[in-house]
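Text of coords00.cif (mmCIF, C-alpha atoms) as supplied:
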data_model
loop_
_atom_site.label_atom_id
_atom_site.label_comp_id
_atom_site.auth_asym_id
_atom_site.auth_seq_id
_atom_site.Cartn_x
_atom_site.Cartn_y
_atom_site.Cartn_z
CA MET U 82 14.91 -14.85 -63.88
CA GLU U 83 14.74 -12.06 -66.46
CA ARG U 84 18.04 -11.04 -67.96
CA PRO U 85 19.40 -7.50 -67.34
CA ILE U 86 18.50 -4.79 -69.86
CA LYS U 87 21.40 -3.93 -72.16
CA LEU U 88 19.80 -1.44 -74.54
CA SER U 89 16.68 0.71 -74.14
CA CYS U 90 14.79 2.81 -76.63
CA ARG U 91 12.54 5.38 -74.93
CA GLY U 92 10.06 7.50 -76.89
CA VAL U 93 12.34 7.83 -79.90
CA TRP U 94 11.19 10.03 -82.78
CA LYS U 95 12.92 10.61 -86.09
CA ILE U 96 11.11 13.20 -88.16
CA PHE U 97 12.24 14.50 -91.54
CA GLY U 98 11.16 17.99 -92.58
CA SER U 99 12.05 21.67 -92.35
CA ASP U 100 11.87 22.01 -88.54
CA PRO U 101 11.06 18.64 -86.95
CA LYS U 102 11.58 19.71 -83.33
CA ALA U 103 9.16 22.62 -83.73
CA PHE U 104 6.67 20.33 -85.45
CA LEU U 105 6.84 17.88 -82.54
CA GLU U 106 6.44 20.65 -79.95
CA ARG U 107 3.57 22.21 -81.89
CA HIS U 108 1.67 18.94 -81.63
CA LYS U 109 2.56 18.43 -77.93
CA ASN U 110 4.93 15.52 -78.72
CA ALA U 111 2.04 13.43 -80.07
CA PRO U 112 1.40 14.28 -83.74
CA ALA U 113 -1.04 12.03 -85.57
CA LEU U 114 -0.27 10.51 -88.95
CA SER U 115 -2.67 13.04 -90.48
CA ASP U 116 -0.55 15.89 -89.04
CA PHE U 117 2.52 14.56 -90.84
CA ASN U 118 0.60 14.34 -94.11
CA ALA U 119 -0.96 17.78 -93.72
CA GLU U 120 2.33 19.58 -93.03
CA GLY U 121 4.64 17.60 -95.31
CA TYR U 122 6.72 15.91 -92.61
CA ILE U 123 7.82 12.28 -92.57
CA GLY U 124 7.66 10.30 -89.32
CA ALA U 125 10.33 7.65 -89.91
CA CYS U 126 10.24 6.62 -86.22
CA ARG U 127 7.30 7.61 -84.06
CA ASP U 128 7.48 7.30 -80.28
CA VAL U 129 9.36 3.98 -80.36
CA THR U 130 9.92 2.32 -76.97
CA PHE U 131 11.36 -1.11 -76.14
CA ASP U 132 14.13 -2.87 -74.18
CA VAL U 133 16.70 -5.40 -75.36
CA HIS U 134 18.00 -7.82 -72.74
CA GLU U 135 21.52 -9.20 -72.46
CA GLY U 136 22.04 -12.12 -74.84
CA GLU U 137 18.70 -11.54 -76.61
CA ILE U 138 18.13 -11.48 -80.35
CA LEU U 139 15.49 -8.82 -81.07
CA MET U 140 14.26 -8.92 -84.66
CA VAL U 141 12.82 -5.68 -86.07
CA MET U 142 10.76 -6.17 -89.20
CA GLY U 143 8.29 -4.45 -91.47
CA LEU U 144 7.64 -3.63 -95.09
CA SER U 145 9.91 -1.30 -97.04
CA GLY U 146 9.51 2.21 -95.64
CA SER U 147 8.23 1.06 -92.26
CA GLY U 148 11.15 2.72 -90.43
CA LYS U 149 13.16 -0.30 -89.34
CA SER U 150 16.51 0.74 -90.89
CA THR U 151 16.07 4.31 -89.67
CA LEU U 152 15.49 2.93 -86.19
CA VAL U 153 18.74 0.94 -86.08
CA ARG U 154 20.63 4.03 -87.24
CA CYS U 155 19.01 6.04 -84.46
CA LEU U 156 20.05 3.39 -81.93
CA THR U 157 23.68 3.78 -83.02
CA ARG U 158 23.37 7.54 -83.62
CA LEU U 159 24.50 7.16 -87.19
CA ILE U 160 21.59 9.54 -87.67
CA GLU U 161 20.35 11.89 -84.96
CA PRO U 162 16.93 11.15 -83.44
CA THR U 163 14.60 14.12 -83.21
CA ALA U 164 13.62 13.27 -79.62
CA GLY U 165 13.73 10.49 -77.04
CA GLU U 166 16.37 8.45 -75.23
CA VAL U 167 18.61 5.59 -76.29
CA LEU U 168 20.17 4.00 -73.20
CA PHE U 169 23.24 1.76 -73.47
CA ASP U 170 24.01 0.24 -70.06
CA GLY U 171 22.03 3.16 -68.62
CA MET U 172 23.96 5.88 -70.49
CA ASP U 173 21.86 8.06 -72.80
CA LEU U 174 23.61 7.97 -76.17
CA LEU U 175 21.78 11.11 -77.25
CA ASN U 176 23.73 13.04 -74.61
CA ALA U 177 27.05 11.33 -75.39
CA SER U 178 29.90 13.41 -76.79
CA GLU U 179 31.43 12.65 -80.19
CA GLU U 180 34.46 11.16 -78.42
CA GLN U 181 32.24 8.89 -76.28
CA LEU U 182 30.33 7.74 -79.36
CA ILE U 183 33.52 6.95 -81.25
CA ASP U 184 34.80 4.97 -78.27
CA LEU U 185 31.51 3.02 -78.01
CA ARG U 186 31.49 2.19 -81.71
CA ARG U 187 35.10 1.08 -81.63
CA HIS U 188 34.89 -1.08 -78.53
CA LYS U 189 31.29 -2.02 -77.69
CA MET U 190 29.21 -1.96 -80.89
CA GLY U 191 29.39 -4.21 -83.92
CA MET U 192 27.54 -3.32 -87.12
CA VAL U 193 26.79 -5.41 -90.22
CA PHE U 194 24.83 -4.06 -93.15
CA GLN U 195 23.29 -5.49 -96.30
CA HIS U 196 26.14 -4.17 -98.45
CA PHE U 197 29.28 -5.73 -97.10
CA GLY U 198 31.48 -2.62 -97.41
CA LEU U 199 34.72 -4.61 -97.56
CA LEU U 200 37.95 -2.85 -98.46
CA PRO U 201 38.71 -4.25 -101.95
CA HIS U 202 42.46 -3.67 -101.77
CA ARG U 203 42.80 -5.55 -98.46
CA THR U 204 42.86 -9.30 -97.86
CA VAL U 205 40.40 -11.20 -95.68
CA LEU U 206 42.87 -11.02 -92.80
CA GLU U 207 43.39 -7.29 -93.25
CA ASN U 208 39.65 -6.59 -93.55
CA VAL U 209 38.85 -8.48 -90.35
CA ALA U 210 41.76 -6.82 -88.53
CA PHE U 211 40.86 -3.32 -89.74
CA PRO U 212 38.73 -2.26 -86.71
CA LEU U 213 41.61 -3.28 -84.42
CA GLU U 214 44.00 -1.25 -86.56
CA VAL U 215 41.71 1.76 -86.06
CA GLN U 216 41.85 1.09 -82.31
CA GLY U 217 45.64 1.26 -82.45
CA VAL U 218 46.24 -2.42 -81.65
CA ASP U 219 49.72 -3.48 -82.74
CA ARG U 220 50.02 -5.59 -85.87
CA SER U 221 50.94 -8.93 -84.33
CA GLU U 222 48.12 -8.76 -81.80
CA ARG U 223 45.45 -7.67 -84.28
CA GLU U 224 46.46 -10.34 -86.80
CA LYS U 225 46.37 -12.98 -84.06
CA ARG U 226 42.86 -11.87 -83.08
CA ALA U 227 41.76 -11.67 -86.74
CA LYS U 228 42.92 -15.25 -87.37
CA GLU U 229 40.87 -16.45 -84.40
CA ILE U 230 37.79 -14.67 -85.78
CA ILE U 231 38.38 -16.03 -89.29
CA GLN U 232 38.35 -19.52 -87.85
CA ILE U 233 35.13 -18.80 -85.93
CA VAL U 234 33.31 -17.60 -89.08
CA GLY U 235 34.54 -20.56 -91.14
CA LEU U 236 37.03 -18.86 -93.47
CA GLU U 237 40.22 -20.55 -92.30
CA GLY U 238 42.57 -20.97 -95.27
CA ARG U 239 41.27 -17.86 -97.05
CA GLU U 240 43.17 -15.27 -95.01
CA GLY U 241 45.12 -14.09 -98.07
CA TYR U 242 42.12 -13.87 -100.45
CA TYR U 243 40.78 -10.52 -101.67
CA PRO U 244 37.02 -9.78 -101.60
CA ARG U 245 36.73 -10.20 -105.38
CA GLU U 246 37.95 -13.79 -105.01
CA LEU U 247 35.14 -14.72 -102.58
CA SER U 248 31.50 -15.72 -103.06
CA GLY U 249 28.71 -13.53 -101.71
CA GLY U 250 28.29 -15.73 -98.65
CA GLN U 251 32.02 -15.68 -97.97
CA GLN U 252 32.10 -11.89 -98.29
CA GLN U 253 29.29 -11.67 -95.76
CA ARG U 254 31.28 -13.88 -93.40
CA VAL U 255 34.17 -11.42 -93.68
CA GLY U 256 31.79 -8.57 -92.83
CA ILE U 257 30.51 -10.49 -89.82
CA GLY U 258 34.05 -11.34 -88.77
CA ARG U 259 35.13 -7.72 -89.03
CA SER U 260 32.25 -6.61 -86.80
CA LEU U 261 33.16 -9.28 -84.23
CA ALA U 262 36.84 -8.36 -84.11
CA VAL U 263 36.22 -5.65 -81.51
CA GLU U 264 34.29 -8.16 -79.33
CA PRO U 265 31.16 -5.96 -79.27
CA GLU U 266 28.68 -6.05 -76.42
CA VAL U 267 25.78 -5.19 -78.77
CA TRP U 268 25.59 -6.29 -82.39
CA PHE U 269 23.46 -4.40 -84.93
CA LEU U 270 22.62 -6.18 -88.20
CA ASP U 271 20.60 -4.47 -90.94
CA GLU U 272 19.28 -7.05 -93.43
CA PRO U 273 22.71 -8.72 -93.63
CA PHE U 274 21.53 -11.74 -95.64
CA SER U 275 18.89 -10.21 -97.92
CA ALA U 276 21.21 -9.86 -100.93
CA LEU U 277 22.20 -13.53 -100.84
CA ASP U 278 20.75 -16.41 -102.83
CA PRO U 279 18.20 -18.50 -100.86
CA LEU U 280 20.50 -21.47 -100.24
CA ILE U 281 23.41 -19.27 -99.16
CA ARG U 282 21.05 -17.23 -97.04
CA ARG U 283 19.90 -20.35 -95.20
CA GLU U 284 23.53 -21.34 -94.70
CA MET U 285 24.34 -17.90 -93.27
CA GLN U 286 21.36 -18.11 -90.89
CA ASP U 287 22.71 -21.44 -89.65
CA GLU U 288 26.12 -19.83 -89.22
CA PHE U 289 24.58 -16.91 -87.36
CA LEU U 290 22.81 -19.24 -84.91
CA ARG U 291 26.03 -21.20 -84.40
CA LEU U 292 27.92 -18.00 -83.62
CA GLN U 293 25.24 -16.86 -81.19
CA ARG U 294 25.41 -20.16 -79.31
CA MET U 295 29.15 -19.57 -78.93
CA LEU U 296 29.21 -15.83 -78.25
CA HIS U 297 25.85 -14.95 -76.58
CA LYS U 298 25.71 -11.43 -78.03
CA THR U 299 22.95 -8.89 -77.49
CA ILE U 300 21.59 -8.40 -81.01
CA VAL U 301 19.23 -6.06 -82.87
CA PHE U 302 18.58 -7.65 -86.27
CA ILE U 303 16.63 -5.87 -89.03
CA THR U 304 14.77 -7.97 -91.60
CA HIS U 305 11.71 -7.86 -93.86
CA ASP U 306 11.39 -11.67 -93.85
CA PHE U 307 9.07 -13.12 -91.19
CA GLU U 308 10.44 -16.64 -91.70
CA GLU U 309 13.93 -15.33 -90.97
CA ALA U 310 12.63 -13.42 -87.93
CA VAL U 311 10.96 -16.55 -86.55
CA ARG U 312 14.01 -18.71 -87.17
CA LEU U 313 16.53 -16.36 -85.56
CA GLY U 314 14.75 -14.18 -83.03
CA ASP U 315 13.82 -14.45 -79.36
CA ARG U 316 11.31 -11.63 -79.87
CA ILE U 317 10.03 -9.74 -82.90
CA ALA U 318 9.05 -6.07 -83.20
CA ILE U 319 6.82 -5.36 -86.21
CA MET U 320 6.88 -1.78 -87.53
CA LYS U 321 4.49 0.15 -89.73
CA ASP U 322 4.66 3.85 -90.63
CA GLY U 323 7.41 4.39 -88.06
CA VAL U 324 5.48 2.78 -85.19
CA VAL U 325 6.15 -0.52 -83.42
CA VAL U 326 2.74 -2.11 -83.91
CA GLN U 327 3.49 -5.20 -81.81
CA LEU U 328 6.44 -6.68 -79.95
CA GLY U 329 6.49 -10.22 -78.63
CA THR U 330 7.72 -13.76 -79.11
CA PRO U 331 7.00 -15.41 -82.46
CA GLU U 332 4.31 -17.44 -80.70
CA ASP U 333 2.73 -14.25 -79.26
CA LEU U 334 2.46 -12.72 -82.72
CA VAL U 335 1.02 -15.89 -84.28
CA MET U 336 -1.53 -16.55 -81.55
CA SER U 337 -2.55 -12.96 -80.74
CA PRO U 338 -1.78 -10.58 -83.64
CA ALA U 339 -2.44 -6.97 -82.66
CA ASP U 340 -4.17 -6.09 -85.93
CA ASP U 341 -4.68 -7.19 -89.54
CA TYR U 342 -1.21 -5.91 -90.52
CA VAL U 343 0.48 -8.27 -88.05
CA ALA U 344 -1.94 -11.06 -88.97
CA GLN U 345 -0.84 -10.78 -92.62
CA PHE U 346 2.80 -11.18 -91.61
CA THR U 347 2.05 -14.25 -89.49
CA LYS U 348 -0.45 -15.91 -91.83
CA GLU U 349 2.08 -18.36 -93.27
CA ALA U 350 4.02 -18.84 -90.02
CA PRO U 351 5.07 -22.42 -89.19
CA ARG U 352 2.68 -22.92 -86.28
CA GLY U 353 3.88 -26.48 -85.78
CA LYS U 354 7.29 -25.12 -84.77
CA LEU U 355 6.03 -22.19 -82.69
CA VAL U 356 2.86 -22.95 -80.76
CA ARG U 357 3.49 -24.67 -77.42
CA ALA U 358 1.39 -27.02 -75.34
CA ARG U 359 1.03 -24.46 -72.54
CA THR U 360 -0.65 -22.06 -74.99
CA ILE U 361 -3.34 -24.41 -76.32
CA MET U 362 -3.89 -26.79 -73.39
CA ARG U 363 -7.32 -27.05 -71.78
CA PRO U 364 -8.05 -27.62 -68.05
CA ILE U 365 -7.98 -31.14 -66.63
CA ASN U 366 -11.23 -30.50 -64.70
CA GLY U 367 -10.87 -33.48 -62.39
CA GLN U 368 -10.57 -36.11 -65.11
CA THR U 369 -7.88 -38.79 -65.03
CA PRO U 370 -4.95 -37.41 -67.06
CA PRO U 371 -3.99 -39.41 -70.17
CA ALA U 372 -0.98 -41.67 -69.76
CA GLN U 373 0.93 -40.01 -72.60
CA SER U 374 2.53 -36.72 -71.58
CA VAL U 375 4.53 -33.79 -72.94
CA THR U 376 6.24 -30.82 -71.31
CA ALA U 377 4.50 -27.45 -71.30
CA ASP U 378 7.09 -26.13 -73.78
CA ALA U 379 6.60 -28.95 -76.31
CA VAL U 380 5.55 -27.57 -79.71
CA ILE U 381 2.79 -28.90 -81.95
CA ASN U 382 5.26 -30.80 -84.15
CA ASP U 383 6.26 -32.79 -81.06
CA ILE U 384 2.69 -33.34 -79.87
CA GLY U 385 1.15 -34.28 -83.22
CA PRO U 386 2.46 -37.84 -83.54
CA LEU U 387 1.15 -38.61 -80.05
CA VAL U 388 -2.41 -37.31 -80.46
CA LEU U 389 -2.89 -38.33 -84.09
CA GLY U 390 -2.44 -41.97 -83.19
CA GLU U 391 -4.71 -44.01 -80.92
CA GLY U 392 -4.21 -41.84 -77.83
CA ARG U 393 -5.96 -38.69 -79.12
CA GLU U 394 -4.96 -36.79 -75.95
CA VAL U 395 -1.80 -36.00 -73.97
CA THR U 396 -1.20 -34.65 -70.49
CA VAL U 397 0.80 -31.42 -70.20
CA LEU U 398 3.37 -31.41 -67.38
CA ASP U 399 4.95 -28.40 -65.67
CA GLU U 400 8.62 -28.15 -64.65
CA GLY U 401 7.90 -30.21 -61.55
CA LYS U 402 6.39 -33.01 -63.71
CA GLN U 403 2.91 -32.21 -62.37
CA PRO U 404 -0.14 -32.35 -64.70
CA VAL U 405 -1.38 -28.85 -65.58
CA GLY U 406 -3.57 -29.46 -68.64
CA ILE U 407 -4.55 -31.60 -71.60
CA VAL U 408 -4.02 -31.21 -75.35
CA THR U 409 -6.34 -33.10 -77.67
CA ARG U 410 -6.18 -34.14 -81.31
CA ASP U 411 -8.73 -31.42 -82.17
CA ASP U 412 -6.55 -28.75 -80.50
CA VAL U 413 -3.61 -29.74 -82.70
CA LEU U 414 -5.65 -29.97 -85.90
CA GLU U 415 -7.19 -26.55 -85.27
CA GLN U 416 -3.74 -24.95 -85.01
CA LEU U 417 -2.45 -26.67 -88.12
CA PHE U 418 -5.48 -26.35 -90.37
CA GLY U 419 -7.82 -23.84 -88.74
CA LYS U 420 -11.12 -24.25 -86.95
CA PRO U 421 -13.54 -26.49 -88.85
CA ALA U 422 -16.69 -24.87 -90.20
CA ALA U 423 -19.73 -25.23 -87.95
#

Any chance you could give the structure as structure tokens?
Amino acid sequence: MERPIKLSCRGVWKIFGSDPKAFLERHKNAPALSDFNAEGYIGACRDVTFDVHEGEILMVMGLSGSGKSTLVRCLTRLIEPTAGEVLFDGMDLLNASEEQLIDLRRHKMGMVFQHFGLLPHRTVLENVAFPLEVQGVDRSEREKRAKEIIQIVGLEGREGYYPRELSGGQQQRVGIGRSLAVEPEVWFLDEPFSALDPLIRREMQDEFLRLQRMLHKTIVFITHDFEEAVRLGDRIAIMKDGVVVQLGTPEDLVMSPADDYVAQFTKEAPRGKLVRARTIMRPINGQTPPAQSVTADAVINDIGPLVLGEGREVTVLDEGKQPVGIVTRDDVLEQLFGKPAA
């Protein structure tokens, strides 16, 4: 059963220029890229529409200047969209009052950005507790909650440290902890790990996945790294020139890229970890199914050892353990190494 929708983006535009609303109306709410170039406007987000379901991690990615960071700021109304709707539990944030927005940001939204933004004169405990202080939570309660969060993000024992005494990865953990202190319903992360060294970045991705298994947040995560998007996301939206070119699961994007731009992103994708038996299986066509079997959700890395041995073929089983197809050695080799030349 599909999970309920938590956040919706409906026809969102963010246009920079002298009179963006008039520009949009002049072109009947559908200006082409050539119109922007001709009149000197910039379409940072152009007619963006998607839903985010409860507990989902939606990765938004693209090259620098594609509009992904502008989009996340539109979703939180840190910048004002030119047109469209942003629905949070059905409420249009673009019609929300300043007081409603402040309340949402304090109680229901968590935000983590690339630059940690920690308060240098406050300890780890005080930084994590700061959003609760803003809410007016009394000191004993906010410190109790902050200590629980510090334990969750793996900084127990460093409550009294100042940011300057922490590594980059530890500082990012403080930023994550601070955003979690308000127990947000939706978590927005804008390239939170991109400034970290590769090994620390991998460690923080592991930590992020561990936290998500515990907390089941609804997450919009901005990145320019397809490997990171594949590793962390349930679905990926790829942006170019302010437009969402394609949105789908990592497997969708690898198997059916919408255009050459998406294909370039997915060219080096780890197909062995993404492509499932149900996607590449062929019909049984009345033949006796092979004795070896895999589930329909088994990925190529699981299937390979079975078909590359003597068996050469495996039966694909549905949830009821019934045969629904066959995967052969050639099917696996084609996905891993490409189709052989004729």

Take the PyMOL selection byres ((chain U and resi 372-389) around 12), run it mentally on this structure, and tell me the resulting residues as a PDB file with C-alpha atoms, keeping the file's coordinate frame.
ATOM      1  CA  GLU U 332       4.310 -17.440 -80.700  1.00  0.00           C
ATOM      2  CA  PRO U 351       5.070 -22.420 -89.190  1.00  0.00           C
ATOM      3  CA  ARG U 352       2.680 -22.920 -86.280  1.00  0.00           C
ATOM      4  CA  GLY U 353       3.880 -26.480 -85.780  1.00  0.00           C
ATOM      5  CA  LYS U 354       7.290 -25.120 -84.770  1.00  0.00           C
ATOM      6  CA  LEU U 355       6.030 -22.190 -82.690  1.00  0.00           C
ATOM      7  CA  VAL U 356       2.860 -22.950 -80.760  1.00  0.00           C
ATOM      8  CA  ARG U 357       3.490 -24.670 -77.420  1.00  0.00           C
ATOM      9  CA  ALA U 358       1.390 -27.020 -75.340  1.00  0.00           C
ATOM     10  CA  ARG U 359       1.030 -24.460 -72.540  1.00  0.00           C
ATOM     11  CA  THR U 360      -0.650 -22.060 -74.990  1.00  0.00           C
ATOM     12  CA  ILE U 361      -3.340 -24.410 -76.320  1.00  0.00           C
ATOM     13  CA  MET U 362      -3.890 -26.790 -73.390  1.00  0.00           C
ATOM     14  CA  ARG U 363      -7.320 -27.050 -71.780  1.00  0.00           C
ATOM     15  CA  THR U 369      -7.880 -38.790 -65.030  1.00  0.00           C
ATOM     16  CA  PRO U 370      -4.950 -37.410 -67.060  1.00  0.00           C
ATOM     17  CA  PRO U 371      -3.990 -39.410 -70.170  1.00  0.00           C
ATOM     18  CA  GLY U 390      -2.440 -41.970 -83.190  1.00  0.00           C
ATOM     19  CA  GLU U 391      -4.710 -44.010 -80.920  1.00  0.00           C
ATOM     20  CA  GLY U 392      -4.210 -41.840 -77.830  1.00  0.00           C
ATOM     21  CA  ARG U 393      -5.960 -38.690 -79.120  1.00  0.00           C
ATOM     22  CA  GLU U 394      -4.960 -36.790 -75.950  1.00  0.00           C
ATOM     23  CA  VAL U 395      -1.800 -36.000 -73.970  1.00  0.00           C
ATOM     24  CA  THR U 396      -1.200 -34.650 -70.490  1.00  0.00           C
ATOM     25  CA  VAL U 397       0.800 -31.420 -70.200  1.00  0.00           C
ATOM     26  CA  LEU U 398       3.370 -31.410 -67.380  1.00  0.00           C
ATOM     27  CA  ASP U 399       4.950 -28.400 -65.670  1.00  0.00           C
ATOM     28  CA  GLU U 400       8.620 -28.150 -64.650  1.00  0.00           C
ATOM     29  CA  GLY U 401       7.900 -30.210 -61.550  1.00  0.00           C
ATOM     30  CA  LYS U 402       6.390 -33.010 -63.710  1.00  0.00           C
ATOM     31  CA  GLN U 403       2.910 -32.210 -62.370  1.00  0.00           C
ATOM     32  CA  PRO U 404      -0.140 -32.350 -64.700  1.00  0.00           C
ATOM     33  CA  VAL U 405      -1.380 -28.850 -65.580  1.00  0.00           C
ATOM     34  CA  GLY U 406      -3.570 -29.460 -68.640  1.00  0.00           C
ATOM     35  CA  ILE U 407      -4.550 -31.600 -71.600  1.00  0.00           C
ATOM     36  CA  VAL U 408      -4.020 -31.210 -75.350  1.00  0.00           C
ATOM     37  CA  THR U 409      -6.340 -33.100 -77.670  1.00  0.00           C
ATOM     38  CA  ARG U 410      -6.180 -34.140 -81.310  1.00  0.00           C
ATOM     39  CA  ASP U 411      -8.730 -31.420 -82.170  1.00  0.00           C
ATOM     40  CA  ASP U 412      -6.550 -28.750 -80.500  1.00  0.00           C
ATOM     41  CA  VAL U 413      -3.610 -29.740 -82.700  1.00  0.00           C
ATOM     42  CA  LEU U 414      -5.650 -29.970 -85.900  1.00  0.00           C
ATOM     43  CA  GLU U 415      -7.190 -26.550 -85.270  1.00  0.00           C
ATOM     44  CA  GLN U 416      -3.740 -24.950 -85.010  1.00  0.00           C
ATOM     45  CA  LEU U 417      -2.450 -26.670 -88.120  1.00  0.00           C
TER      46      LEU U 417
END

**Item:** Given the PyMOL selection byres ((chain U and resi 249-253) around 9), the residues it picks as a list of chain:residue names
**Value:**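 Given this file, the PyMOL selection byres ((chain U and resi 249-253) around 9) evaluates to U:Val193, U:Gln195, U:His196, U:Phe197, U:Leu199, U:Val205, U:Gly235, U:Leu236, U:Pro244, U:Arg245, U:Leu247, U:Ser248, U:Arg254, U:Val255, U:Gly256, U:Ile257, U:Gly258, U:Pro273, U:Phe274, U:Ala276, U:Leu277, U:Asp278, U:Ile281, U:Arg282, U:Glu284, U:Met285.
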
**Request:** Given the file shown, enumerate the residues that the PyMOL selection byres ((chain U and resi 95-108) around 10) captures and present them as JSON, numbers by chain.
**Result:** {"U": [93, 94, 109, 110, 111, 112, 113, 116, 117, 120, 121, 122, 123, 124, 125, 126, 127, 128, 129, 148, 151, 152, 155, 160, 161, 162, 163, 164, 165, 323]}

Using all atoms listed in the file, find each residue of stretch 279-367 of chain U with at least one atom at most 12 Å away from an atom of stretch 130-137 of chain U; report its shortest atom-to-atom pair and that distance in Å (one decimal), sort the rows by chain and rising residue number, and return the result as a Markdown table.
| residue | atom | partner | partner_atom | distance |
| --- | --- | --- | --- | --- |
| U:Gln293 | CA | U:Gly136 | CA | 8.5 |
| U:Arg294 | CA | U:Gly136 | CA | 9.8 |
| U:Met295 | CA | U:Gly136 | CA | 11.1 |
| U:Leu296 | CA | U:Gly136 | CA | 8.8 |
| U:His297 | CA | U:Gly136 | CA | 5.1 |
| U:Lys298 | CA | U:Gly136 | CA | 4.9 |
| U:Thr299 | CA | U:Gly136 | CA | 4.3 |
| U:Ile300 | CA | U:Glu137 | CA | 6.1 |
| U:Val301 | CA | U:Val133 | CA | 8.0 |
| U:Phe302 | CA | U:Glu137 | CA | 10.4 |
| U:Leu313 | CA | U:Glu137 | CA | 10.4 |
| U:Gly314 | CA | U:Glu137 | CA | 8.0 |
| U:Asp315 | CA | U:Glu137 | CA | 6.3 |
| U:Arg316 | CA | U:Glu137 | CA | 8.1 |
| U:Ile317 | CA | U:Glu137 | CA | 10.9 |
| U:Ala318 | CA | U:Phe131 | CA | 8.9 |
| U:Ile319 | CA | U:Phe131 | CA | 11.8 |
| U:Met320 | CA | U:Thr130 | CA | 11.7 |
| U:Gly323 | CA | U:Thr130 | CA | 11.6 |
| U:Val324 | CA | U:Thr130 | CA | 9.4 |
| U:Val325 | CA | U:Thr130 | CA | 8.0 |
| U:Val326 | CA | U:Thr130 | CA | 10.9 |
| U:Gln327 | CA | U:Phe131 | CA | 10.5 |
| U:Leu328 | CA | U:Phe131 | CA | 8.4 |
| U:Gly329 | CA | U:Phe131 | CA | 10.6 |
| U:Thr330 | CA | U:Glu137 | CA | 11.5 |

**Request:** Go ahead and compute the interatomic distance for atom CA of U:Gly143 and atom CA of U:Glu309, in Å to one decimal.
**Result:**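 Going from atom CA of U:Gly143 over to atom CA of U:Glu309, I get 12.3 Å.
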
**Prompt:** atom CA of U:Ser145 to atom CA of U:Leu280: how many Å, to one decimal?
**Reply:**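 One can read the atom CA of U:Ser145 to atom CA of U:Leu280 distance as 23.0 Å.
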
**Prompt:** How many Å separate atom CA of U:Met140 from atom CA of U:Glu272?
**Reply:**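 Straight-line distance from atom CA of U:Met140 to atom CA of U:Glu272 works out to 10.3 Å.
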
**Message:** Counting all atoms listed in the file, which residue out of U:Asn366, U:Ser89, U:Ser147, U:Asn118 sits closest to U:Asp322?
**Reply:**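 Smallest distance to U:Asp322 is found for U:Ser147.
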
Dump of stretch 211-248 of chain U from preceding block, C-alpha atoms, as an mmCIF file, in the first residue's frame:
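New file part_23.cif:
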data_model
loop_
_atom_site.group_PDB
_atom_site.id
_atom_site.type_symbol
_atom_site.label_atom_id
_atom_site.label_comp_id
_atom_site.auth_asym_id
_atom_site.auth_seq_id
_atom_site.Cartn_x
_atom_site.Cartn_y
_atom_site.Cartn_z
ATOM 1 C CA PHE U 211 19.318 25.806 20.882
ATOM 2 C CA PRO U 212 16.144 25.170 18.792
ATOM 3 C CA LEU U 213 14.356 24.072 21.977
ATOM 4 C CA GLU U 214 15.543 27.240 23.712
ATOM 5 C CA VAL U 215 14.001 29.239 20.853
ATOM 6 C CA GLN U 216 10.767 27.304 21.407
ATOM 7 C CA GLY U 217 10.769 28.381 25.047
ATOM 8 C CA VAL U 218 11.388 24.901 26.491
ATOM 9 C CA ASP U 219 12.740 25.145 30.037
ATOM 10 C CA ARG U 220 16.425 24.456 30.565
ATOM 11 C CA SER U 221 16.221 21.096 32.306
ATOM 12 C CA GLU U 222 13.859 19.669 29.700
ATOM 13 C CA ARG U 223 15.798 20.945 26.684
ATOM 14 C CA GLU U 224 19.110 19.685 28.079
ATOM 15 C CA LYS U 225 17.549 16.285 28.762
ATOM 16 C CA ARG U 226 16.284 16.124 25.179
ATOM 17 C CA ALA U 227 19.620 17.387 23.801
ATOM 18 C CA LYS U 228 21.521 14.653 25.672
ATOM 19 C CA GLU U 229 19.235 12.015 24.145
ATOM 20 C CA ILE U 230 19.903 13.414 20.660
ATOM 21 C CA ILE U 231 23.662 13.611 21.284
ATOM 22 C CA GLN U 232 23.616 9.927 22.123
ATOM 23 C CA ILE U 233 21.622 9.136 18.969
ATOM 24 C CA VAL U 234 24.128 10.944 16.708
ATOM 25 C CA GLY U 235 27.118 9.307 18.405
ATOM 26 C CA LEU U 236 28.614 12.269 20.292
ATOM 27 C CA GLU U 237 28.109 11.046 23.846
ATOM 28 C CA GLY U 238 30.985 12.293 26.017
ATOM 29 C CA ARG U 239 31.500 15.452 23.945
ATOM 30 C CA GLU U 240 28.611 17.474 25.369
ATOM 31 C CA GLY U 241 30.985 20.112 26.790
ATOM 32 C CA TYR U 242 33.157 20.489 23.657
ATOM 33 C CA TYR U 243 33.070 23.646 21.526
ATOM 34 C CA PRO U 244 32.791 23.418 17.709
ATOM 35 C CA ARG U 245 36.460 24.358 17.252
ATOM 36 C CA GLU U 246 37.426 21.260 19.256
ATOM 37 C CA LEU U 247 35.560 18.889 16.898
ATOM 38 C CA SER U 248 36.439 17.324 13.539
#
